[in-house]
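The next block holds one structure in the form of structure tokens; read it before the comments.
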Amino acid sequence: MTIYRGHLVHVAGSPTLGEASAALVSEPAGALVVDGAGRITYSGPWADAPAAREGEVVVQTGGYLLPGFVDTHLHFPQTFTTDAFGGGELLEWLERCVFPAESRLSDPGFADLVAAEFVRRRVAAGTTSALVFGSAFPAAQDALFRRSLAAGLRTVSGRGIQTVGPQSAVPLLTTEDAAIGLARDEIARWHGQDPSGAAADPRTALAQVAVIPRFSLAVTTATLARLGDLYADVRGDGVYFHSHLNENDRHGDGEIQAVRDVYDVECYLDTYDGRFLSGSRSGGESLLGRRSILAHAVHCQDRELDRMAETGSSIAHCPTSQLFLGSGTMPWRRTVASGVHVAIGTDIGAGDEWLIPRVLNDCYKVHMSEPGADAEALHPAQLLFLGTLAGARALDQESSIGNLDAGKDADFVIVDAAAQPGLSEALAAAAEQGPASHLFTLLMGMREHAVAEVFVRGSRVVA
């Protein structure tokens with residue numbers, strides 16, 4: 001048993017986004033008690049914590065105890081591609097920067113180097129759980145899972161599936177037979193694996209697999225039909241579905257219109273909902289559902305939002321990358337009002353911030369800047385919710401992670417404000433205005449320097 005003392009901050013229970021402020025826990029003299037199995041047995045005021053017994057350790061952290069951050073969308077093959085100049089929006093950036101960069105991971109040695117750096121950056125940012133868009137190359141995916149498990153991180157990933165694309169994407173393309181075969185093999189070998197090497201509960205293991213077509217323009221109707229059949233076979237085992245949706249409009253002639261033109265469908269979401277034949281006719285199984293997370297959703301029709309809410313699918317909101325690619329701003333009030341669940345994603349590498357609080361910083365700013373009555377000042381507890389509990393809910397792992405409630409796995413981050421010049425002083429001033437202001441300054445102001453230690457299941461994570 002280990003007792004960690006510090007300023008305990010989390011969104012407790014199982015609130016909605018709108019209830020997050022009422023569920024905020026900010027306990028300056030707090031304690032987190034973790035048992036030998038890596039479970040939280042107590043979370044609350046130090047004064048009420050069970051007294052330490054012989055052999056138990058009390059750790060005076062001198063910092064903040066926060067839930068581990070949950071990133072619902074980032075790209076492993078783009079680890080070295082952040083801030084790459086593509087001279088345009090999404091489609092140009094993919095062709096000029098991303099496809100060539102991702103093709104380099106065909107070299108297993110280079111792929112392992114990228115995997116090591118990817119894991120190191122996650123640890124440095126306190127990201128304990130992540131939904132990772134993977135590489136097209138099986139050896140690279142093996143390196144990603146192997147490195148992630150060795151460090152003790154939670155990782156959901158799947159190879160990036162592409163069966164069609166421009167000339168610059170040719171090294172990433174496979175036949176449809178190969179795409180399905182490689183996806184099945186990855187699921188068989190990695191879904192439900194834990195650091196011990198033994199198979200675990202596939203719904204709670206540290207390594208889990210997702211079926212991930214890059215986006216609808218990277219596959220065909222035949223590919224989507226076969227992916228639907230595959231997903232119908234493995235959905236019950238807790239396998240995820242992940243892709244991109246309605247990211248970049250570019251005045252009506254970008255990604256979204258291209259999808260509608262190529263497939264002759266009424267809306268982008270239809271291609272993932274089994275309605276990918278001309279006229280949005282049904283052509284196969286739907287890929288939507290409880291473990292389906294779609295990144296961006298910037299330019300959704302109302303009926304797309306309603307359908308995602310109806311199926312229990314989630315949105316990975318990526319405001320930082322949307323700024324970088326000029327994709328626009330996901331309309332916050334309209335999206336949330338639809339009832340669809342929203343979590344946060346860094347979208348490394350169009351996003352150039354690994355630290356979830358930096359993305360929450362952009363999230364606050366872009367929605368404050370929406371025009372007129374659409375502007376929204378998100379409450380600090382809502383921001384923390386988006387970067388922790390909302391991500392756990394999107395990953396269907398809220399029973400195990402997402403906050404510091406007793407009974408959950410001890411996935412947490414120790415933040416040392418003193419390690420970042422000026423942060424302690426800013427926090428002391430903010431604390432005079434109350435817990436919400438204090439949390440706001442912490443989330444908006446912290447940088448990676450302040451992330452002191454990272455734990456998953458009670459064990460310290462070291463890259």
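Residue names in the structure tokens use chain letters A, B, ... in the order shown, residue numbers from 1 in each chain, and ligand numbers from 1 in the order shown.
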Using only C-alpha atoms, I'd like a table of the residues in segment 390-455 of chain A that come within 10 Å of segment 309-318 of chain A; for each, show the closest atom pair and its distance in Å rounded to one decimal, ordered by chain and ascending number, as a tab-separated table.
```
residue	atom	partner	partner_atom	distance
A:Ala390	CA	A:Ser314	CA	9.6
A:Gly391	CA	A:Ala316	CA	8.4
A:Arg393	CA	A:Ser314	CA	8.9
A:Ala394	CA	A:Ser314	CA	5.8
A:Leu395	CA	A:Ser314	CA	8.8
```
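Once Leu288 of chain A and its same-chain neighbours fewer than 5 positions away are set aside, A:Phe241, A:Tyr272, A:Asp273, A:Gly274, A:Ile293, A:Arg307, A:Met308, A:Thr311, A:Gly312, A:Ser313 remain within 9 Å of it when counting only C-alpha atoms.
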Just C-alpha atoms for this one: save the residues we selected as a PDB file, in the first residue's frame.
```pdb
ATOM      1  CA  PHE A 241     -13.232   1.456 -34.886  1.00  0.00           C
ATOM      2  CA  TYR A 272     -18.911   4.501 -42.187  1.00  0.00           C
ATOM      3  CA  ASP A 273     -22.525   3.609 -41.484  1.00  0.00           C
ATOM      4  CA  GLY A 274     -22.772   0.885 -44.123  1.00  0.00           C
ATOM      5  CA  ILE A 293     -14.413   7.211 -32.311  1.00  0.00           C
ATOM      6  CA  ARG A 307     -26.708   9.438 -35.869  1.00  0.00           C
ATOM      7  CA  MET A 308     -23.467   9.401 -33.910  1.00  0.00           C
ATOM      8  CA  THR A 311     -25.234   4.784 -32.079  1.00  0.00           C
ATOM      9  CA  GLY A 312     -23.134   5.777 -29.055  1.00  0.00           C
ATOM     10  CA  SER A 313     -20.198   6.794 -31.237  1.00  0.00           C
TER      11      SER A 313
END
```
One-decimal distance in Å that lies between atom CA of Ala29 of chain A and atom CA of Asp48 of chain A =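 Atom CA of Ala29 of chain A lies at a distance of 10.4 Å from atom CA of Asp48 of chain A.
Rounded to one decimal, atom CA of His438 of chain A and atom CA of Lys408 of chain A lie 25.4 Å from each other.
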- Message: At a cut-off of 12 Å, using only C-alpha atoms, what residues contact segment 170-175 of chain A? Leave out same-chain residues fewer than 3 positions from it and give the result as number ranges by chain.
- Response: A: 77, 95, 98-107, 134-138, 159-167, 178-183, 213-214, 218-220, 222-223, 226
For the selection just defined, write its residues with C-alpha atoms to a file, as a compact mmCIF listing (two decimals), in the first residue's frame.
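The result, stored in result21.txt:
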```txt
# COMPACT_ATOMS: atom_id res chain seq x y z
CA PRO A 77 3.83 7.52 -37.84
CA GLU A 95 0.42 14.39 -50.18
CA VAL A 98 2.52 12.93 -44.42
CA PHE A 99 2.50 10.15 -47.02
CA PRO A 100 6.26 10.47 -47.70
CA ALA A 101 7.05 10.66 -43.97
CA GLU A 102 4.90 7.66 -43.09
CA SER A 103 6.47 5.63 -45.90
CA ARG A 104 9.82 5.79 -44.10
CA LEU A 105 8.46 3.43 -41.43
CA SER A 106 8.82 0.55 -43.92
CA ASP A 107 12.35 0.36 -42.46
CA GLY A 134 -1.04 3.38 -36.52
CA SER A 135 1.43 2.69 -39.30
CA ALA A 136 0.67 0.83 -42.51
CA PHE A 137 3.61 -1.50 -41.80
CA PRO A 138 3.16 -4.50 -39.46
CA ARG A 159 -2.57 -0.24 -38.74
CA GLY A 160 -3.60 2.61 -41.05
CA ILE A 161 -5.56 0.94 -43.84
CA GLN A 162 -5.27 2.34 -47.37
CA THR A 163 -6.21 0.54 -50.56
CA VAL A 164 -6.28 3.58 -52.88
CA GLY A 165 -4.44 6.89 -52.94
CA PRO A 166 -2.24 9.33 -54.86
CA GLN A 167 1.25 8.54 -56.11
CA ALA A 178 -3.90 -7.92 -47.59
CA ALA A 179 -5.69 -5.12 -45.70
CA ILE A 180 -8.16 -7.54 -44.13
CA GLY A 181 -5.56 -10.22 -43.49
CA LEU A 182 -3.14 -7.83 -41.79
CA ALA A 183 -5.91 -6.34 -39.65
CA PRO A 213 -9.09 3.04 -42.39
CA ARG A 214 -7.27 6.36 -42.86
CA ALA A 218 -8.23 6.01 -48.81
CA VAL A 219 -10.50 3.00 -49.39
CA THR A 220 -13.22 1.79 -51.77
CA ALA A 222 -15.36 -3.01 -51.57
CA THR A 223 -12.89 -2.24 -48.78
CA ARG A 226 -15.10 -6.12 -46.08
```
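Computed from the coordinates, the atom CA of Ala130 of chain A to atom CA of Leu153 of chain A distance equals 8.5 Å.
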| request: Select, from A:Thr388, A:Thr335, A:Gln193, A:Ser286, the residue with the minimum atom-to-atom distance to Val9 of chain A, counting only C-alpha atoms. | output: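 So, comparing all the options, the nearest one is A:Thr388.
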Could you pull the residues within 6 Å of Val461 of chain A, counting only C-alpha atoms, minus those fewer than 6 positions along the same chain, as a PyMOL selection string? chain A and resi 151-152+454-455
Open item on the list: Write out as a PyMOL selection string the set of residues from segment 61-252 of chain A that DSSP, computed on the backbone, places in strand (DSSP E).
Closed with: chain A and resi 61-67+69-75+127-133+154-158+160-161+207-213+240-245
Using only C-alpha atoms, which of the listed residues (A:Ala200, A:Leu355, A:Ala392, A:Leu443) sits closest to His379 of chain A?
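Closest residue, counting only C-alpha atoms: A:Leu443.
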Review point. Which residues come within 10 Å of Pro50 of chain A, counting only C-alpha atoms, excluding same-chain residues fewer than 2 positions away, as a list of chain:residue names?
Key: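 My reading of the contact set: A:Ile3, A:Ala31, A:Val33, A:Thr41, A:Tyr42, A:Trp46, A:Ala47, A:Asp48, A:Ala52, A:Arg53.
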Could you write those residues out with N, CA and C atoms, as a short mmCIF file (atom, residue, chain, number, x, y, z; two decimals), in the first residue's frame?
```cif
data_model
loop_
_atom_site.label_atom_id
_atom_site.label_comp_id
_atom_site.auth_asym_id
_atom_site.auth_seq_id
_atom_site.Cartn_x
_atom_site.Cartn_y
_atom_site.Cartn_z
N ILE A 3 0.65 5.59 -0.04
CA ILE A 3 -0.20 6.77 0.13
C ILE A 3 0.53 7.97 -0.46
N ALA A 31 -5.14 13.05 -0.42
CA ALA A 31 -4.41 11.79 -0.36
C ALA A 31 -5.00 10.81 -1.36
N VAL A 33 -4.64 6.70 -1.99
CA VAL A 33 -4.12 5.44 -1.45
C VAL A 33 -4.22 4.37 -2.53
N THR A 41 -7.71 2.74 -3.43
CA THR A 41 -8.59 2.30 -2.34
C THR A 41 -9.17 3.48 -1.56
N TYR A 42 -8.52 4.63 -1.70
CA TYR A 42 -9.06 5.83 -1.05
C TYR A 42 -8.61 7.04 -1.84
N TRP A 46 -6.57 14.21 3.24
CA TRP A 46 -5.57 13.49 4.01
C TRP A 46 -6.07 13.21 5.42
N ALA A 47 -6.81 14.14 5.99
CA ALA A 47 -7.29 13.97 7.37
C ALA A 47 -8.18 12.76 7.52
N ASP A 48 -8.85 12.34 6.45
CA ASP A 48 -9.77 11.21 6.52
C ASP A 48 -9.17 9.93 5.95
N ALA A 52 -1.43 5.11 7.90
CA ALA A 52 -0.42 4.20 7.34
C ALA A 52 -0.02 3.17 8.38
N ARG A 53 0.04 1.92 7.92
CA ARG A 53 0.45 0.83 8.80
C ARG A 53 1.91 0.47 8.52
#
```
>> I want to know what sits within 12 Å of Leu217 of chain A, based on only C-alpha atoms, with residues of the same chain fewer than 4 positions away left out; could you give that as an NGL selection string?
In response: :A and (91 or 94 or 161-166 or 169 or 213 or 221 or 223-224 or 243-246 or 254-263 or 268 or 271-272 or 276)
Practice problem: Using backbone DSSP assignments, extract all alpha helix (DSSP H) residues from segment 64-252 of chain A; output them as a ChimeraX atom specification. | Solution: /A:90-93,99-103,108-124,138-151,176-190,221-234
For Ser43 of chain A, list every protein, DNA or RNA residue within 8 Å, evaluated using only C-alpha atoms, and leave out those in the same chain fewer than 2 positions away; present the list as a compact mmCIF listing (two decimals) with N, CA and C atoms, in the first residue's frame.
```txt
# COMPACT_ATOMS: atom_id res chain seq x y z
N GLY A 30 -4.78 16.66 0.06
CA GLY A 30 -5.42 15.42 -0.38
C GLY A 30 -4.52 14.21 -0.24
N ALA A 31 -5.14 13.05 -0.42
CA ALA A 31 -4.41 11.79 -0.36
C ALA A 31 -5.00 10.81 -1.36
N LEU A 32 -4.11 10.01 -1.93
CA LEU A 32 -4.49 8.95 -2.85
C LEU A 32 -3.83 7.68 -2.34
N VAL A 33 -4.64 6.70 -1.99
CA VAL A 33 -4.12 5.44 -1.45
C VAL A 33 -4.22 4.37 -2.53
N ILE A 40 -6.91 2.12 -6.71
CA ILE A 40 -7.14 3.19 -5.74
C ILE A 40 -8.11 2.68 -4.69
N THR A 41 -7.71 2.74 -3.43
CA THR A 41 -8.59 2.30 -2.34
C THR A 41 -9.17 3.48 -1.56
N PRO A 45 -9.60 13.80 1.37
CA PRO A 45 -8.77 14.58 2.29
C PRO A 45 -7.78 13.70 3.05
N ALA A 49 -7.93 9.98 5.51
CA ALA A 49 -7.31 8.81 4.90
C ALA A 49 -6.99 7.77 5.97
N LEU A 404 -10.00 9.79 -10.27
CA LEU A 404 -9.29 9.20 -9.13
C LEU A 404 -10.25 8.63 -8.10
N ASP A 405 -11.39 8.15 -8.54
CA ASP A 405 -12.35 7.51 -7.64
C ASP A 405 -11.79 6.21 -7.08
N ALA A 406 -12.12 5.92 -5.84
CA ALA A 406 -11.74 4.64 -5.24
C ALA A 406 -12.35 3.50 -6.05
```
Residue with the minimum atom-to-atom distance to Phe69 of chain A, picked from A:Leu389, A:Ala84, A:Ala463, A:Leu149 with only C-alpha atoms counted, is A:Leu389
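When only C-alpha atoms are used to measure the gap to Phe85 of chain A, the shortest distance among A:Val119, A:Leu325, A:Val209, A:Thr204 belongs to A:Leu325.
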